[in-house]
Each structure stands twice: as structure tokens, then as C-alpha cells.
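*Asks:* File name my_file-v8.tsv; file contents TSV, C-alpha atoms; full text below.
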```tsv
chain	number	residue	atom	x	y	z
A	1	MET	CA	0.00	0.00	0.00
A	2	ALA	CA	1.76	3.10	-1.21
A	3	SER	CA	0.61	6.40	0.24
A	4	VAL	CA	-0.24	9.29	-2.02
A	5	GLU	CA	2.53	11.82	-1.47
A	6	GLN	CA	1.46	15.27	-0.34
A	7	PRO	CA	3.56	18.26	0.66
A	8	ASN	CA	3.44	19.13	4.39
A	9	LYS	CA	1.83	15.83	5.27
A	10	PRO	CA	-1.21	16.24	7.55
A	11	LYS	CA	-1.47	14.46	10.87
A	12	LEU	CA	-4.54	12.48	9.81
A	13	LYS	CA	-4.14	9.42	7.59
A	14	LEU	CA	-7.14	7.74	5.97
A	15	TYR	CA	-6.76	4.20	4.68
A	16	SER	CA	-9.43	4.04	2.01
A	17	TYR	CA	-10.63	2.31	-1.14
A	18	TRP	CA	-12.07	4.50	-3.86
A	19	ARG	CA	-15.37	2.61	-4.25
A	20	SER	CA	-15.93	1.76	-0.59
A	21	SER	CA	-19.10	3.46	0.63
A	22	CYS	CA	-17.83	3.20	4.21
A	23	SER	CA	-14.70	5.13	3.24
A	24	PHE	CA	-16.89	7.55	1.27
A	25	ARG	CA	-18.76	8.46	4.48
A	26	VAL	CA	-15.56	9.35	6.26
A	27	ARG	CA	-14.21	11.36	3.33
A	28	ILE	CA	-17.38	13.49	3.41
A	29	ALA	CA	-16.98	14.10	7.15
A	30	LEU	CA	-13.34	15.10	6.78
A	31	ASN	CA	-14.30	17.52	4.01
A	32	LEU	CA	-17.18	19.02	5.98
A	33	LYS	CA	-14.96	19.55	9.00
A	34	GLY	CA	-12.22	21.07	6.85
A	35	LEU	CA	-9.62	18.52	7.94
A	36	ASP	CA	-6.59	17.82	5.77
A	37	TYR	CA	-5.62	14.19	5.55
A	38	GLU	CA	-3.24	11.85	3.78
A	39	TYR	CA	-5.07	9.39	1.55
A	40	ILE	CA	-3.58	5.89	1.67
A	41	PRO	CA	-5.23	3.56	-0.84
A	42	VAL	CA	-5.99	-0.04	0.07
A	43	ASN	CA	-6.85	-2.15	-2.97
A	44	LEU	CA	-9.64	-4.47	-1.85
A	45	VAL	CA	-9.71	-6.34	-5.14
A	46	ASP	CA	-6.03	-7.24	-4.76
A	47	GLY	CA	-6.53	-8.23	-1.12
A	48	GLU	CA	-4.35	-5.51	0.41
A	49	GLN	CA	-6.77	-5.33	3.34
A	50	PHE	CA	-5.48	-8.73	4.47
A	51	THR	CA	-1.78	-7.84	4.54
A	52	PRO	CA	-0.08	-8.01	7.96
A	53	ASP	CA	0.52	-4.24	7.95
A	54	PHE	CA	-3.14	-3.41	7.42
A	55	LEU	CA	-4.41	-6.05	9.83
A	56	LYS	CA	-2.42	-4.27	12.53
A	57	LEU	CA	-4.69	-1.27	11.91
A	58	ASN	CA	-7.93	-3.23	11.62
A	59	PRO	CA	-7.84	-6.92	12.58
A	60	ILE	CA	-11.05	-7.68	10.66
A	61	GLY	CA	-9.53	-6.39	7.42
A	62	TYR	CA	-12.05	-3.72	6.40
A	63	VAL	CA	-11.62	-0.14	5.27
A	64	PRO	CA	-11.67	2.60	6.34
A	65	ALA	CA	-9.08	3.04	9.05
A	66	LEU	CA	-8.07	6.43	10.41
A	67	VAL	CA	-4.76	7.24	12.04
A	68	ASP	CA	-4.65	10.45	14.08
A	69	GLY	CA	-1.23	10.74	15.66
A	70	ASP	CA	-1.00	7.76	18.00
A	71	ASP	CA	-4.71	6.96	17.74
A	72	VAL	CA	-5.94	4.29	15.31
A	73	ILE	CA	-9.68	3.95	14.69
A	74	SER	CA	-11.41	1.50	12.38
A	75	ASP	CA	-15.05	1.15	11.31
A	76	SER	CA	-16.71	4.16	9.71
A	77	PHE	CA	-19.25	4.69	12.51
A	78	ALA	CA	-16.53	4.72	15.16
A	79	ILE	CA	-14.40	7.05	13.05
A	80	LEU	CA	-17.28	9.49	12.54
A	81	MET	CA	-18.03	9.56	16.27
A	82	TYR	CA	-14.35	10.13	17.02
A	83	LEU	CA	-14.15	13.00	14.54
A	84	GLU	CA	-17.34	14.50	15.96
A	85	GLU	CA	-15.94	14.53	19.49
A	86	LYS	CA	-12.38	15.61	18.69
A	87	TYR	CA	-13.10	18.04	15.85
A	88	PRO	CA	-16.44	19.67	16.72
A	89	GLN	CA	-16.46	22.17	13.85
A	90	HIS	CA	-19.45	21.59	11.53
A	91	PRO	CA	-21.33	19.27	13.92
A	92	LEU	CA	-22.69	16.08	12.39
A	93	LEU	CA	-25.35	15.59	15.07
A	94	PRO	CA	-28.19	18.00	15.88
A	95	GLY	CA	-28.66	19.31	19.40
A	96	ASP	CA	-32.25	18.05	19.59
A	97	ILE	CA	-32.20	14.62	21.23
A	98	TYR	CA	-35.03	13.23	19.08
A	99	LYS	CA	-33.48	14.40	15.82
A	100	LYS	CA	-30.20	12.91	16.99
A	101	ALA	CA	-31.93	9.56	17.50
A	102	ILE	CA	-33.45	9.72	14.00
A	103	ASN	CA	-29.97	10.30	12.61
A	104	TYR	CA	-28.68	7.24	14.43
A	105	GLN	CA	-31.64	5.20	13.22
A	106	ALA	CA	-31.19	6.19	9.57
A	107	ALA	CA	-27.45	5.64	9.73
A	108	ASN	CA	-27.95	2.20	11.24
A	109	ILE	CA	-30.41	1.15	8.55
A	110	VAL	CA	-27.68	1.81	6.00
A	111	SER	CA	-24.77	0.44	8.00
A	112	SER	CA	-26.53	-2.65	9.39
A	113	SER	CA	-29.34	-3.56	7.00
A	114	ILE	CA	-28.12	-2.47	3.55
A	115	GLN	CA	-24.40	-1.99	3.05
A	116	PRO	CA	-23.14	-5.22	4.67
A	117	LEU	CA	-25.44	-7.25	2.42
A	118	GLN	CA	-24.06	-5.77	-0.81
A	119	ASN	CA	-20.39	-5.36	0.01
A	120	LEU	CA	-17.60	-6.93	-2.00
A	121	ALA	CA	-17.13	-9.99	0.21
A	122	VAL	CA	-20.84	-10.90	0.29
A	123	LEU	CA	-21.33	-10.44	-3.44
A	124	LYS	CA	-18.27	-12.58	-4.12
A	125	PHE	CA	-19.70	-15.28	-1.86
A	126	ILE	CA	-23.06	-15.17	-3.67
A	127	GLU	CA	-21.30	-15.37	-7.03
A	128	GLU	CA	-19.19	-18.37	-6.01
A	129	LYS	CA	-21.64	-20.33	-3.85
A	130	VAL	CA	-24.95	-19.58	-5.53
A	131	SER	CA	-24.66	-18.13	-9.04
A	132	PRO	CA	-23.10	-15.10	-10.75
A	133	ASP	CA	-26.60	-14.29	-12.03
A	134	GLU	CA	-27.92	-13.91	-8.47
A	135	LYS	CA	-25.38	-11.32	-7.35
A	136	VAL	CA	-27.11	-8.15	-8.59
A	137	PRO	CA	-30.70	-9.28	-7.77
A	138	TRP	CA	-29.53	-10.06	-4.22
A	139	ALA	CA	-28.07	-6.57	-3.85
A	140	ARG	CA	-31.10	-4.86	-5.39
A	141	TYR	CA	-33.49	-6.69	-3.07
A	142	HIS	CA	-31.70	-5.68	0.12
A	143	ILE	CA	-31.05	-2.12	-1.03
A	144	SER	CA	-34.70	-1.64	-2.03
A	145	LYS	CA	-35.92	-3.07	1.27
A	146	GLY	CA	-33.73	-0.67	3.21
A	147	PHE	CA	-34.64	2.28	1.00
A	148	ALA	CA	-38.35	1.62	1.54
A	149	ALA	CA	-37.79	1.85	5.29
A	150	LEU	CA	-35.71	5.02	4.96
A	151	GLU	CA	-38.31	6.67	2.73
A	152	LYS	CA	-40.96	6.11	5.40
A	153	LEU	CA	-38.72	7.06	8.31
A	154	LEU	CA	-37.58	10.36	6.83
A	155	GLN	CA	-40.94	11.58	5.51
A	156	GLY	CA	-41.68	13.53	8.66
A	157	HIS	CA	-38.16	14.78	9.28
A	158	ALA	CA	-36.57	15.75	5.97
A	159	GLY	CA	-35.98	19.33	4.95
A	160	ARG	CA	-33.37	20.16	2.37
A	161	PHE	CA	-31.47	17.17	3.76
A	162	ALA	CA	-32.42	13.95	5.53
A	163	THR	CA	-33.35	15.32	8.95
A	164	GLY	CA	-33.71	19.04	8.31
A	165	ASP	CA	-31.98	21.87	6.50
A	166	GLU	CA	-28.48	21.09	7.78
A	167	VAL	CA	-26.24	18.21	6.74
A	168	CYS	CA	-26.13	15.66	9.55
A	169	LEU	CA	-24.90	12.14	10.21
A	170	ALA	CA	-27.75	10.47	8.33
A	171	ASP	CA	-26.76	12.28	5.14
A	172	LEU	CA	-23.21	10.93	5.35
A	173	PHE	CA	-24.59	7.39	5.32
A	174	LEU	CA	-27.30	8.02	2.75
A	175	ALA	CA	-25.23	9.76	0.07
A	176	PRO	CA	-22.73	6.91	-0.57
A	177	GLN	CA	-25.49	4.29	-0.47
A	178	LEU	CA	-27.62	6.24	-2.93
A	179	HIS	CA	-24.65	6.71	-5.22
A	180	ALA	CA	-23.88	2.97	-5.21
A	181	ALA	CA	-27.54	2.04	-5.74
A	182	ILE	CA	-27.81	4.29	-8.78
A	183	THR	CA	-24.42	3.77	-10.41
A	184	ARG	CA	-23.66	0.14	-9.57
A	185	PHE	CA	-26.98	-1.64	-9.07
A	186	ASP	CA	-29.53	0.39	-11.07
A	187	VAL	CA	-32.03	0.37	-8.20
A	188	ASP	CA	-35.42	2.02	-8.70
A	189	MET	CA	-35.38	5.17	-6.59
A	190	PHE	CA	-37.93	6.50	-4.10
A	191	PRO	CA	-39.04	10.16	-4.51
A	192	LEU	CA	-37.66	11.57	-1.25
A	193	LEU	CA	-34.37	9.69	-1.54
A	194	LEU	CA	-33.99	10.86	-5.13
A	195	ARG	CA	-34.50	14.46	-4.04
A	196	LEU	CA	-31.90	14.04	-1.30
A	197	ASN	CA	-29.44	12.59	-3.78
A	198	GLU	CA	-29.90	15.65	-5.98
A	199	ALA	CA	-29.22	17.90	-2.97
A	200	TYR	CA	-26.01	16.02	-2.15
A	201	ASN	CA	-24.86	16.47	-5.73
A	202	GLN	CA	-24.83	20.24	-5.17
A	203	LEU	CA	-22.40	20.12	-2.24
A	204	PRO	CA	-18.65	20.31	-2.99
A	205	GLU	CA	-17.79	18.43	0.23
A	206	PHE	CA	-19.83	15.49	-1.07
A	207	GLN	CA	-18.67	15.79	-4.66
A	208	ASN	CA	-14.99	15.88	-3.72
A	209	ALA	CA	-15.49	12.67	-1.76
A	210	MET	CA	-16.98	10.86	-4.77
A	211	PRO	CA	-15.36	7.54	-5.74
A	212	ASP	CA	-14.22	8.74	-9.16
A	213	LYS	CA	-12.45	11.74	-7.57
A	214	GLN	CA	-10.12	9.56	-5.49
A	215	PRO	CA	-6.47	9.01	-6.42
A	216	ASP	CA	-6.84	5.23	-6.60
A	217	ALA	CA	-9.91	5.33	-8.90
A	218	PRO	CA	-9.29	3.58	-12.23
A	219	SER	CA	-8.45	5.98	-15.01
A	220	SER	CA	-11.63	4.98	-16.84
A	221	THR	CA	-13.74	6.37	-13.98
A	222	ALA	CA	-11.61	9.21	-12.65
A	223	SER	CA	-12.65	12.64	-13.83
```
Kindly transcribe the structure held in the file into C-alpha cells.
*Replies:*
Amino acid sequence: MASVEQPNKPKLKLYSYWRSSCSFRVRIALNLKGLDYEYIPVNLVDGEQFTPDFLKLNPIGYVPALVDGDDVISDSFAILMYLEEKYPQHPLLPGDIYKKAINYQAANIVSSSIQPLQNLAVLKFIEEKVSPDEKVPWARYHISKGFAALEKLLQGHAGRFATGDEVCLADLFLAPQLHAAITRFDVDMFPLLLRLNEAYNQLPEFQNAMPDKQPDAPSSTAS
């Protein structure tokens, strides 16, 4: 894993894969909080997440991992909570306790009930153990099920963004999942979620975190 050289290297290091939606979430948060970081690509297709050096950072072998000085944090949810506590600029959680709970609920629908069921390892397992033809239908089913729940959940809370007129934690989970659903799995979109996706596309902090903007994106996708 070769790091992307940058002058005046920042203290933060993000181990990331360009197409990982979990890494995408963290990149958005870093951008929103105005934090400089060193991007260190981990090629999941080549299995770099299972090298001894990376397993020292995250024993389960998933991206992202964040290094902040002597602190090492893995798992996107844990990283986002760490960033929220240590770098409070541009808060990701609203002050209202109920809205905060809705943010956690929406984020957990994505992180527990959608993304794990369509990640690289699961789709590879489906392809090998069931059939290559079942891989995309499997992903579409679980994404659509989760999106139906999110559409209902957010109906009474959404403003310009998922839980109001400010970008919050739920948006950081929704945006990467919506992007993957549209670009990779051609999932039929729900009206509210489609509107939110359009709002995210207007924000430079989200756009600069896009998979095709990352230094390890294949040249055919990088813009």
C-alpha cells in the first residue's frame, strides 16, 4: 500500500478504497470539517486489506481506518463519532435529542441492513456459492428493502437534507449508499431519496469525496 505523497503531510491518515461506501462516508466528514488528511489507498480487489501491515490497523480487514497521531480507529461509525468529538467544527449531530436519535436510526439502517449485504465480500460469496446471475438481484433486493424503510422514516423529518436543512450524520450514510444504488446496481429510486441525492450532488464536500475523484480510482472512472 503506497501512500499518495502530499507536501506538508497532515497528521490524519485515511486508509481508504475509492469505491468503498464506508470510506466515502468518512471522506465526506473530513471535508465538511475542513480537515486535511493523507489518503492511503488499500486495494480491496487485490486483497491488500489482508496484509499483515493493514491487519495491525484493523484486525477484521475492512476499510476505512483512520490514524490520528498515535490513535488508530477502524469502522466508519466509530471514526465518525471520534471526529465528531475531537473536531467539533461543523457538527454532524443536531442538538435536539429526538433528531439525533433519528440520525442514528437512519445511519444504522444503511450500516446494518443495507451496506453489509451488498459489500464486495458478500457479493463474491453469492457469485461463487450460488450463481453469478444472483449477485445483482440479491443486492437490489436488500437495497430496495432498506430504502423503503428510509423513505418512510424520513418523511416527517426531511428538509433540504435527511433530517432538516443542515447536513447531519444520516446524510453521510445516505449519500454513498444512494450513489452505489444508482451507479452500480440500477435500483429504482424512491421520490424523497432521489431528491436528497440531488441535494447532495450540489455540495462540494460530497462531490470531492466521490469515488471517481479519489487518487486510486481507475483511469476509466476518474474525472
*Asks:* Please provide as a count of residues only all residues within 10 Å of A:Ser16, with the sequence filter that same-chain residues fewer than 5 positions apart are discarded (counting all atoms listed in the file).
*Replies:* 20
*Asks:* Pick from A:Phe125, A:Tyr87, A:Tyr98, A:Phe147: nearest to A:Leu35, with only C-alpha atoms counted?
*Replies:*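 Going through A:Phe125, A:Tyr87, A:Tyr98, A:Phe147 one by one, the smallest distance to A:Leu35 is for A:Tyr87.
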*Asks:* May I ask which of the residues A:Ile114, A:Ala101, A:Val72, A:Ala29 is the closest one to A:Tyr15, counting only C-alpha atoms?
*Replies:*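 Checking each of A:Ile114, A:Ala101, A:Val72, A:Ala29 against A:Tyr15, counting only C-alpha atoms, the winner is A:Val72.
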*Asks:* Between A:Ala107, A:Ile73, A:Ile60, A:Ile126, which has the minimum distance to A:Leu150 (counting all atoms listed in the file)?
*Replies:*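 When distances to A:Leu150 are compared using all atoms listed in the file, the smallest one comes from A:Ala107.
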*Asks:* For each of A:Leu12, A:Ile79, A:Lys135, A:Thr183, take the minimum atom-to-atom distance to A:Met210, counting all atoms listed in the file, then give the residue where this is smallest.
*Replies:*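 Residue with the minimum atom-to-atom distance to A:Met210: A:Thr183.
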*Asks:* With all atoms listed in the file as the counted atoms, please give the residues lying no more than 12 Å from A:Leu203, apart from itself and same-chain residues fewer than 2 positions off, as a list in words.
*Replies:*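 The residues satisfying every condition are Ile28, Asn31, Leu32, Arg160, Phe161, Glu166, Val167, Asp171, Leu172, Ala175, Leu196, Asn197, Glu198, Ala199, Tyr200, Asn201, Glu205, Phe206, Gln207, Asn208, Ala209 and Met210 of chain A.
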*Asks:* With all atoms listed in the file as the atoms that count, which of A:Pro116, A:Pro10, A:Tyr104, A:Lys152 lies nearest to A:Gly69?
*Replies:*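 Among the listed residues, A:Pro10 lies closest to A:Gly69.
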*Asks:* Within 10 Å of A:Ala180, counting all atoms listed in the file, which residues show up once you throw out same-chain ones fewer than 5 positions away? Write them as a ChimeraX atom specification, please.
*Replies:* /A:19-21,115,118,143,175,185-187,211
*Asks:* When you draw a straight line from atom CA of A:Leu178 to atom CA of A:Leu193, how long is it in Å?
*Replies:*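 Distance between the two atoms: 7.7 Å.
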*Asks:* Smallest atom-to-atom distance to A:Leu117: which of A:Pro94, A:Gly146, A:Pro132, A:Pro176, using all atoms listed in the file?
*Replies:*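 For A:Leu117, the nearest of the given residues is A:Gly146.
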*Asks:* So how many Å separate atom CA of A:Pro59 and atom CA of A:Met81, to one decimal?
*Replies:*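 Value for the atom CA of A:Pro59-atom CA of A:Met81 distance: 19.7 Å.
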*Asks:* Separation of atom CA of A:Pro91 and atom CA of A:Cys168, in Å?
*Replies:* 7.4 Å
